[in-house]
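Trainee: For reference, this is coords.txt, and it has compact mmCIF, C-alpha atoms and all ligand atoms.
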```
# COMPACT_ATOMS: atom_id res chain seq x y z
CA MET A 1 6.80 0.89 17.68
CA ARG A 2 3.83 -1.10 16.40
CA LEU A 3 1.38 1.72 17.30
CA LYS A 4 3.50 4.72 16.33
CA ASP A 5 1.43 7.94 16.01
CA LYS A 6 -1.81 6.24 17.00
CA VAL A 7 -4.20 7.57 19.65
CA ALA A 8 -5.74 4.81 21.75
CA ILE A 9 -8.57 5.09 24.28
CA ILE A 10 -8.53 2.22 26.76
CA THR A 11 -11.48 1.98 29.15
CA GLY A 12 -10.93 0.52 32.61
CA ALA A 13 -7.18 1.10 32.22
CA GLY A 14 -6.66 1.65 35.95
CA SER A 15 -6.30 -2.05 36.72
CA GLY A 16 -5.72 -5.55 35.35
CA GLN A 17 -5.92 -6.09 31.61
CA GLY A 18 -6.61 -2.44 30.78
CA LYS A 19 -3.59 -1.30 32.75
CA ALA A 20 -1.37 -3.90 31.05
CA ALA A 21 -2.69 -2.76 27.65
CA ALA A 22 -2.11 0.93 28.49
CA LYS A 23 1.53 0.24 29.35
CA LEU A 24 2.12 -1.96 26.31
CA PHE A 25 0.38 0.39 23.86
CA ALA A 26 2.42 3.35 25.19
CA LYS A 27 5.63 1.33 24.83
CA GLU A 28 4.65 0.62 21.22
CA GLY A 29 4.34 4.33 20.44
CA ALA A 30 0.66 5.11 21.10
CA LYS A 31 -0.69 8.17 22.88
CA VAL A 32 -2.80 6.42 25.48
CA VAL A 33 -6.01 7.76 27.01
CA ILE A 34 -6.79 6.08 30.31
CA ALA A 35 -10.61 6.21 30.60
CA GLU A 36 -11.22 4.99 34.12
CA TRP A 37 -13.70 5.87 36.88
CA ASN A 38 -11.28 5.20 39.76
CA GLU A 39 -9.28 8.42 40.04
CA GLU A 40 -6.46 7.06 42.20
CA GLN A 41 -5.82 4.06 39.94
CA GLY A 42 -6.15 6.06 36.73
CA LYS A 43 -3.68 8.71 37.89
CA GLN A 44 -1.27 6.04 39.08
CA VAL A 45 -1.18 4.35 35.65
CA GLU A 46 -0.72 7.73 33.94
CA GLU A 47 2.26 8.46 36.22
CA GLU A 48 3.85 5.05 35.69
CA ILE A 49 3.67 5.48 31.91
CA LYS A 50 5.02 9.04 32.01
CA GLU A 51 7.91 7.95 34.24
CA GLU A 52 9.06 5.79 31.30
CA GLY A 53 9.09 8.92 29.11
CA LEU A 54 5.98 7.72 27.25
CA GLU A 55 2.67 9.45 26.56
CA ALA A 56 -0.56 8.93 28.50
CA ILE A 57 -3.38 10.97 29.92
CA PHE A 58 -5.95 9.99 32.52
CA ILE A 59 -9.50 11.24 31.98
CA GLN A 60 -11.91 10.25 34.72
CA THR A 61 -14.90 8.60 33.05
CA ASP A 62 -17.83 6.41 33.95
CA VAL A 63 -18.29 4.55 30.67
CA SER A 64 -21.93 3.79 31.47
CA ASP A 65 -22.79 7.51 31.66
CA GLU A 66 -23.59 9.10 28.29
CA VAL A 67 -22.71 12.66 29.34
CA LYS A 68 -19.29 11.55 30.63
CA VAL A 69 -18.58 9.43 27.55
CA LYS A 70 -19.39 12.34 25.22
CA SER A 71 -17.18 14.64 27.27
CA LEU A 72 -14.32 12.11 27.16
CA VAL A 73 -14.45 11.88 23.37
CA ASP A 74 -14.65 15.69 23.05
CA GLN A 75 -11.59 16.09 25.30
CA VAL A 76 -9.60 13.52 23.33
CA MET A 77 -10.48 15.21 20.03
CA ASP A 78 -9.57 18.67 21.41
CA ARG A 79 -6.19 17.35 22.51
CA TYR A 80 -5.20 14.95 19.74
CA GLY A 81 -7.67 15.49 16.84
CA GLN A 82 -7.83 11.75 16.08
CA ILE A 83 -8.80 8.40 17.62
CA ASP A 84 -7.27 5.30 16.05
CA ILE A 85 -7.98 2.59 18.63
CA LEU A 86 -10.79 2.07 21.13
CA PHE A 87 -10.32 -0.80 23.57
CA ASN A 88 -13.70 -1.29 25.26
CA ASN A 89 -12.27 -3.12 28.24
CA ALA A 90 -13.95 -1.71 31.37
CA GLY A 91 -16.22 -4.09 33.23
CA ILE A 92 -17.32 -5.40 36.57
CA GLY A 93 -17.35 -9.04 37.63
CA PHE A 94 -16.82 -11.13 40.72
CA SER A 95 -14.88 -8.47 42.63
CA SER A 96 -18.05 -6.36 42.69
CA LYS A 97 -20.30 -9.12 44.03
CA SER A 98 -20.76 -7.30 47.34
CA LYS A 99 -22.40 -4.50 45.33
CA TYR A 100 -24.13 -6.42 42.54
CA THR A 101 -25.38 -9.99 42.65
CA MET A 102 -23.28 -12.39 40.59
CA ALA A 103 -25.53 -15.46 40.54
CA SER A 104 -27.93 -17.55 38.49
CA LEU A 105 -30.97 -15.85 36.92
CA LEU A 106 -33.47 -16.77 39.67
CA LYS A 107 -31.19 -15.30 42.32
CA THR A 108 -30.49 -12.06 40.46
CA PRO A 109 -32.63 -9.03 41.44
CA PHE A 110 -33.81 -7.00 38.45
CA ASP A 111 -32.00 -3.90 39.68
CA ASP A 112 -28.65 -5.72 39.82
CA TRP A 113 -29.34 -7.30 36.42
CA ASN A 114 -29.84 -3.83 34.92
CA LYS A 115 -26.73 -2.38 36.59
CA VAL A 116 -24.46 -5.20 35.40
CA LEU A 117 -25.79 -4.88 31.85
CA ASN A 118 -25.44 -1.12 32.03
CA ILE A 119 -21.75 -1.24 32.95
CA ASN A 120 -20.69 -4.28 30.91
CA LEU A 121 -22.78 -3.89 27.73
CA ASN A 122 -24.30 -0.41 27.48
CA SER A 123 -20.81 1.02 27.96
CA VAL A 124 -19.67 -0.63 24.72
CA TYR A 125 -22.67 0.86 22.90
CA LEU A 126 -22.04 4.33 24.38
CA MET A 127 -18.29 4.46 23.76
CA SER A 128 -18.76 3.19 20.21
CA LYS A 129 -21.60 5.63 19.55
CA TYR A 130 -19.32 8.61 20.21
CA VAL A 131 -16.05 7.23 18.79
CA LEU A 132 -17.43 5.72 15.56
CA PRO A 133 -18.28 9.07 13.88
CA VAL A 134 -14.65 10.13 14.40
CA MET A 135 -13.34 6.89 12.91
CA ILE A 136 -15.79 7.08 9.99
CA ASP A 137 -14.60 10.64 9.23
CA GLN A 138 -10.97 9.45 9.35
CA ASN A 139 -11.81 6.39 7.23
CA ARG A 140 -9.80 4.27 9.68
CA GLY A 141 -10.06 2.80 13.15
CA SER A 142 -9.89 -0.33 15.23
CA ILE A 143 -12.36 -1.15 18.00
CA ILE A 144 -11.56 -4.03 20.32
CA ASN A 145 -14.23 -5.25 22.72
CA ASN A 146 -13.33 -7.25 25.79
CA SER A 147 -15.97 -9.94 26.27
CA SER A 148 -15.36 -13.22 28.14
CA LEU A 149 -15.68 -16.97 27.77
CA ASN A 150 -19.01 -16.29 29.55
CA GLY A 151 -20.10 -14.62 26.32
CA ILE A 152 -19.65 -17.77 24.21
CA LEU A 153 -20.01 -20.69 26.65
CA GLY A 154 -22.60 -21.65 29.26
CA VAL A 155 -20.50 -20.72 32.29
CA LYS A 156 -22.60 -21.02 35.45
CA GLY A 157 -22.94 -18.50 38.26
CA ALA A 158 -23.09 -14.95 36.89
CA ASP A 159 -26.01 -14.79 34.47
CA ALA A 160 -26.30 -11.01 34.09
CA TYR A 161 -22.55 -10.88 33.43
CA SER A 162 -22.87 -13.68 30.84
CA ALA A 163 -25.81 -11.97 29.12
CA ALA A 164 -23.84 -8.73 28.91
CA LYS A 165 -20.76 -10.46 27.52
CA GLY A 166 -22.89 -12.41 24.99
CA GLY A 167 -24.32 -9.05 23.93
CA VAL A 168 -20.78 -7.72 23.43
CA VAL A 169 -20.04 -10.65 21.08
CA ALA A 170 -23.19 -10.04 19.01
CA LEU A 171 -22.56 -6.29 18.91
CA THR A 172 -18.98 -6.90 17.71
CA ARG A 173 -20.18 -8.91 14.73
CA VAL A 174 -22.88 -6.46 13.63
CA MET A 175 -20.59 -3.45 14.08
CA ALA A 176 -17.93 -5.16 11.96
CA VAL A 177 -20.53 -5.72 9.22
CA ASP A 178 -21.97 -2.19 9.43
CA TYR A 179 -18.76 -0.17 9.53
CA GLY A 180 -16.28 -2.22 7.49
CA LYS A 181 -17.01 -0.01 4.46
CA HIS A 182 -15.53 2.90 6.43
CA ASN A 183 -12.34 0.92 7.13
CA VAL A 184 -13.32 0.59 10.78
CA ARG A 185 -12.50 -2.87 12.11
CA VAL A 186 -14.31 -4.31 15.14
CA ASN A 187 -13.00 -7.39 16.92
CA CYS A 188 -13.58 -9.07 20.24
CA ILE A 189 -11.37 -10.84 22.76
CA CYS A 190 -12.86 -13.51 25.00
CA PRO A 191 -10.46 -13.98 27.91
CA GLY A 192 -10.44 -17.11 30.02
CA ALA A 193 -9.53 -16.77 33.71
CA ILE A 194 -7.01 -13.94 33.97
CA ASP A 195 -5.10 -13.14 37.15
CA THR A 196 -6.42 -9.63 37.90
CA PRO A 197 -8.15 -8.03 40.90
CA MET A 198 -11.49 -8.99 39.30
CA ILE A 199 -11.06 -12.65 40.20
CA ALA A 200 -8.41 -12.40 42.95
CA GLU A 201 -10.90 -13.30 45.68
CA VAL A 202 -12.36 -16.19 43.69
CA LEU A 203 -8.85 -17.56 43.11
CA GLN A 204 -8.40 -17.85 46.92
CA ASN A 205 -10.73 -20.83 46.70
CA LYS A 206 -8.38 -23.72 45.79
CA ASP A 207 -11.10 -25.78 44.05
CA ILE A 208 -12.08 -22.91 41.81
CA ALA A 209 -8.44 -21.98 41.18
CA ASN A 210 -7.62 -25.58 40.20
CA ASN A 211 -10.64 -25.70 37.93
CA TYR A 212 -9.61 -22.41 36.25
CA ALA A 213 -6.14 -23.86 35.75
CA SER A 214 -7.36 -27.15 34.27
CA GLY A 215 -7.42 -26.03 30.61
CA PRO A 216 -4.91 -27.34 28.05
CA LEU A 217 -2.17 -24.87 29.11
CA ARG A 218 -2.75 -25.79 32.79
CA ARG A 219 -2.66 -22.28 34.27
CA VAL A 220 -4.64 -19.04 34.49
CA GLY A 221 -3.61 -16.22 32.16
CA GLN A 222 -1.74 -13.01 32.89
CA PRO A 223 -3.12 -9.55 31.97
CA GLU A 224 -0.18 -8.97 29.58
CA GLU A 225 -1.34 -11.97 27.52
CA ILE A 226 -4.62 -10.16 26.79
CA ALA A 227 -2.74 -6.91 26.17
CA TYR A 228 -0.66 -8.57 23.41
CA ALA A 229 -3.83 -9.84 21.70
CA ALA A 230 -5.29 -6.31 21.90
CA LEU A 231 -2.03 -4.87 20.54
CA PHE A 232 -2.24 -7.12 17.47
CA LEU A 233 -5.91 -6.26 16.86
CA GLY A 234 -5.25 -2.55 17.38
CA SER A 235 -2.23 -2.44 15.07
CA ASP A 236 -2.15 -2.42 11.27
CA GLU A 237 -0.78 -5.99 11.42
CA SER A 238 -4.42 -7.14 11.66
CA SER A 239 -5.61 -4.88 8.81
CA TYR A 240 -7.69 -7.63 7.11
CA ILE A 241 -9.27 -8.94 10.34
CA THR A 242 -12.72 -7.76 11.41
CA GLY A 243 -15.64 -9.46 13.15
CA LEU A 244 -13.28 -11.89 14.87
CA ILE A 245 -14.35 -13.41 18.19
CA MET A 246 -10.99 -14.43 19.64
CA PRO A 247 -10.73 -16.61 22.75
CA VAL A 248 -7.51 -15.97 24.68
CA ASP A 249 -8.02 -18.69 27.21
CA GLY A 250 -5.14 -21.17 27.29
CA GLY A 251 -7.25 -23.46 25.08
CA TRP A 252 -10.16 -23.71 27.54
CA SER A 253 -12.88 -23.27 24.89
CA ALA A 254 -11.23 -25.89 22.65
CA GLN A 255 -11.95 -28.68 25.14
N1 LIG A 301 -10.14 -11.33 34.97
C1 LIG A 301 -10.79 -12.27 34.31
O1 LIG A 301 -10.68 -13.47 34.62
C2 LIG A 301 -11.68 -11.90 33.14
C3 LIG A 301 -12.11 -12.95 32.31
C4 LIG A 301 -12.90 -12.63 31.21
C5 LIG A 301 -13.21 -11.33 30.91
N2 LIG A 301 -12.77 -10.32 31.74
C6 LIG A 301 -13.12 -8.95 31.34
O2 LIG A 301 -11.92 -8.22 31.15
C7 LIG A 301 -12.17 -6.83 31.38
C8 LIG A 301 -11.08 -6.25 32.28
O3 LIG A 301 -11.20 -6.85 33.57
P1 LIG A 301 -9.95 -7.11 34.54
O4 LIG A 301 -9.84 -8.56 34.72
O5 LIG A 301 -8.79 -6.33 34.09
O6 LIG A 301 -10.59 -6.52 35.89
P2 LIG A 301 -10.16 -5.32 36.86
O7 LIG A 301 -11.23 -5.26 37.89
O8 LIG A 301 -8.74 -5.50 37.27
O9 LIG A 301 -10.23 -4.03 35.92
C9 LIG A 301 -11.45 -3.46 35.48
C10 LIG A 301 -11.29 -1.96 35.45
O10 LIG A 301 -12.49 -1.38 34.89
C11 LIG A 301 -12.81 -0.23 35.66
N3 LIG A 301 -14.24 0.06 35.50
C12 LIG A 301 -15.29 -0.72 35.87
N4 LIG A 301 -16.43 -0.12 35.58
C13 LIG A 301 -16.13 1.09 35.02
C14 LIG A 301 -16.89 2.17 34.54
N5 LIG A 301 -18.24 2.15 34.56
N6 LIG A 301 -16.25 3.23 34.02
C15 LIG A 301 -14.89 3.26 33.98
N7 LIG A 301 -14.11 2.29 34.45
C16 LIG A 301 -14.73 1.19 34.97
C17 LIG A 301 -12.44 -0.63 37.08
O11 LIG A 301 -12.34 0.50 37.95
C18 LIG A 301 -11.13 -1.35 36.86
O12 LIG A 301 -10.04 -0.46 36.86
C19 LIG A 301 -13.58 -6.74 31.95
O13 LIG A 301 -14.49 -6.34 30.95
C20 LIG A 301 -13.86 -8.16 32.38
O14 LIG A 301 -15.23 -8.45 32.40
C21 LIG A 301 -12.02 -10.59 32.84
```
Please render this file's structure as structure tokens.
Ligand SMILES: NC(=O)c1ccc[n+]([C@@H]2O[C@H](COP(=O)([O-])OP(=O)(O)OC[C@H]3O[C@@H](n4cnc5c(N)ncnc54)[C@H](O)[C@@H]3O)[C@@H](O)[C@H]2O)c1
Mentor:
Amino acid sequence: MRLKDKVAIITGAGSGQGKAAAKLFAKEGAKVVIAEWNEEQGKQVEEEIKEEGLEAIFIQTDVSDEVKVKSLVDQVMDRYGQIDILFNNAGIGFSSKSKYTMASLLKTPFDDWNKVLNINLNSVYLMSKYVLPVMIDQNRGSIINNSSLNGILGVKGADAYSAAKGGVVALTRVMAVDYGKHNVRVNCICPGAIDTPMIAEVLQNKDIANNYASGPLRRVGQPEEIAYAALFLGSDESSYITGLIMPVDGGWSAQ
């Protein structure tokens, strides 16, 4: 029960890493808020957690929409009166390439650039803007941002995505510096290639899959391996850690 009595909002918890974190956090005693824009997936995760006799609630949210984010935070406060953990996990990547261009800068239309930044970076700003006042009032809180190796390395092929994830890294550091005095910790995970629907199609390509699996641990990661990192950063076990940019990448960035 590493998160006993804590209330945790997890964005994008209807799939992949967010879903794995929702299940793990609930198992560790948290009341989990599934903030997800896909209603079917969000409800499904809520049901799966409740079937285990654990606590979760799905609140449909588009984390890039200020009105919806404010409403989410209001609903969580009405229900629980506290927010201990915010896992800013929601994002779009290669699985959305039919909708938004995932390419180098010269091939990225401005409209797509703006949309990818809106969902992957502005969402972190918006969620934090409405959750931070609660955490400051409580004089406690842990915010975990999900960035990417694209945020710290020059990974080719999705420049708007990389710019957004680099922004998440910078925002993590400055938030940690600004709000540490209120006992609010802000840390960032940079996953390597993780086996979720986001990269499922890309992994069909054997060359890319082999390349993703060529890091020191010789495999792609599983969503639960990110969830455990988030669990540590969300729990009081990491009480003296803030401003950390933590690759969880099978050693890829160490090469
Ligand atoms: N899978 C990887 O290899 C990988 C690597 C590095 C970083 N990441 C990052 O990890 C995070 C989680 O991705 P994943 O791999 O679990 O992918 P995923 O596609 O399985 O899950 C992402 C979830 O976010 C939700 N979402 C997207 N935009 C949203 C919005 N505006 N409002 C609410 N919900 C929204 C989706 O509906 C989906 O349920 C993302 O931020 C992603 O960029 C993924």
Trainee: Name the closest residue to A:Ala160 among the candidates A:Ala193, A:Ile143, A:Leu105, A:Val124; distances are taken between atoms, counting only C-alpha atoms.
Mentor: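 For A:Ala160, the nearest of the given residues is A:Leu105.
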Trainee: Would you kindly return, as a PyMOL selection string, each protein, DNA or RNA residue with an atom no farther than 8 Å from any atom of A:Ile136, considering only C-alpha atoms and excluding same-chain residues fewer than 3 positions away?
Mentor: chain A and resi 132-133+139-141+179+182-184
Trainee: Please extract the residues at most 7 Å from ligand LIG 301 (chain A), counting all atoms listed in the file, and provide them as a count of residues only, using the chain letters and residue numbers of this document.
Mentor: 40
Trainee: At what distance in Å, to one decimal, does atom CA of A:Ala56 lie from atom CA of A:Lys43?
Mentor: 9.9 Å
Trainee: Which residue is closest to A:Ala163? Choose from A:Asp137, A:Glu55, A:Val32, A:Ser104 and count all atoms listed in the file.
Mentor: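 Of A:Asp137, A:Glu55, A:Val32, A:Ser104, the one nearest A:Ala163, counting all atoms listed in the file, is A:Ser104.
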Trainee: In Å to one decimal, how far is atom CA of A:Phe58 from atom CA of A:Gly167?
Mentor: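 So the two atoms, atom CA of A:Gly167 and atom CA of A:Phe58, lie 27.8 Å apart.
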Trainee: Hey, can you check how far atom CA of A:Gly180 sits from atom CA of A:Thr242?
Mentor: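 It comes out at 7.7 Å.
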Trainee: Given the point (-18.4, -5.0, 13.2) in the file's coordinates, find the residues that have an atom at most 9 Å from it, counting only C-alpha atoms, and give them as a PyMOL selection string.
Mentor: chain A and resi 143+171-180+184-187+242-244
Trainee: If we count only C-alpha atoms and set the cut-off at 12 Å, which residues sit around A:Leu106, ignoring sequence neighbours fewer than 3 positions away in its own chain? Please answer as a compact mmCIF listing (two decimals) with C-alpha atoms, keeping the file's coordinate frame.
Mentor:
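What follows is the written file out.txt:
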```
# COMPACT_ATOMS: atom_id res chain seq x y z
CA THR A 101 -25.38 -9.99 42.65
CA MET A 102 -23.28 -12.39 40.59
CA ALA A 103 -25.53 -15.46 40.54
CA PRO A 109 -32.63 -9.03 41.44
CA PHE A 110 -33.81 -7.00 38.45
CA TRP A 113 -29.34 -7.30 36.42
CA GLY A 157 -22.94 -18.50 38.26
CA ALA A 158 -23.09 -14.95 36.89
CA ASP A 159 -26.01 -14.79 34.47
CA ALA A 160 -26.30 -11.01 34.09
```
Trainee: So that I can see what lies close to A:Gln75, please list as a PyMOL selection string the residues with an atom at most 12 Å from it, counting all atoms listed in the file and leaving out residues fewer than 2 positions away in the same chain.
Mentor: chain A and resi 9+33+35+57-61+68-73+77-83+130-131
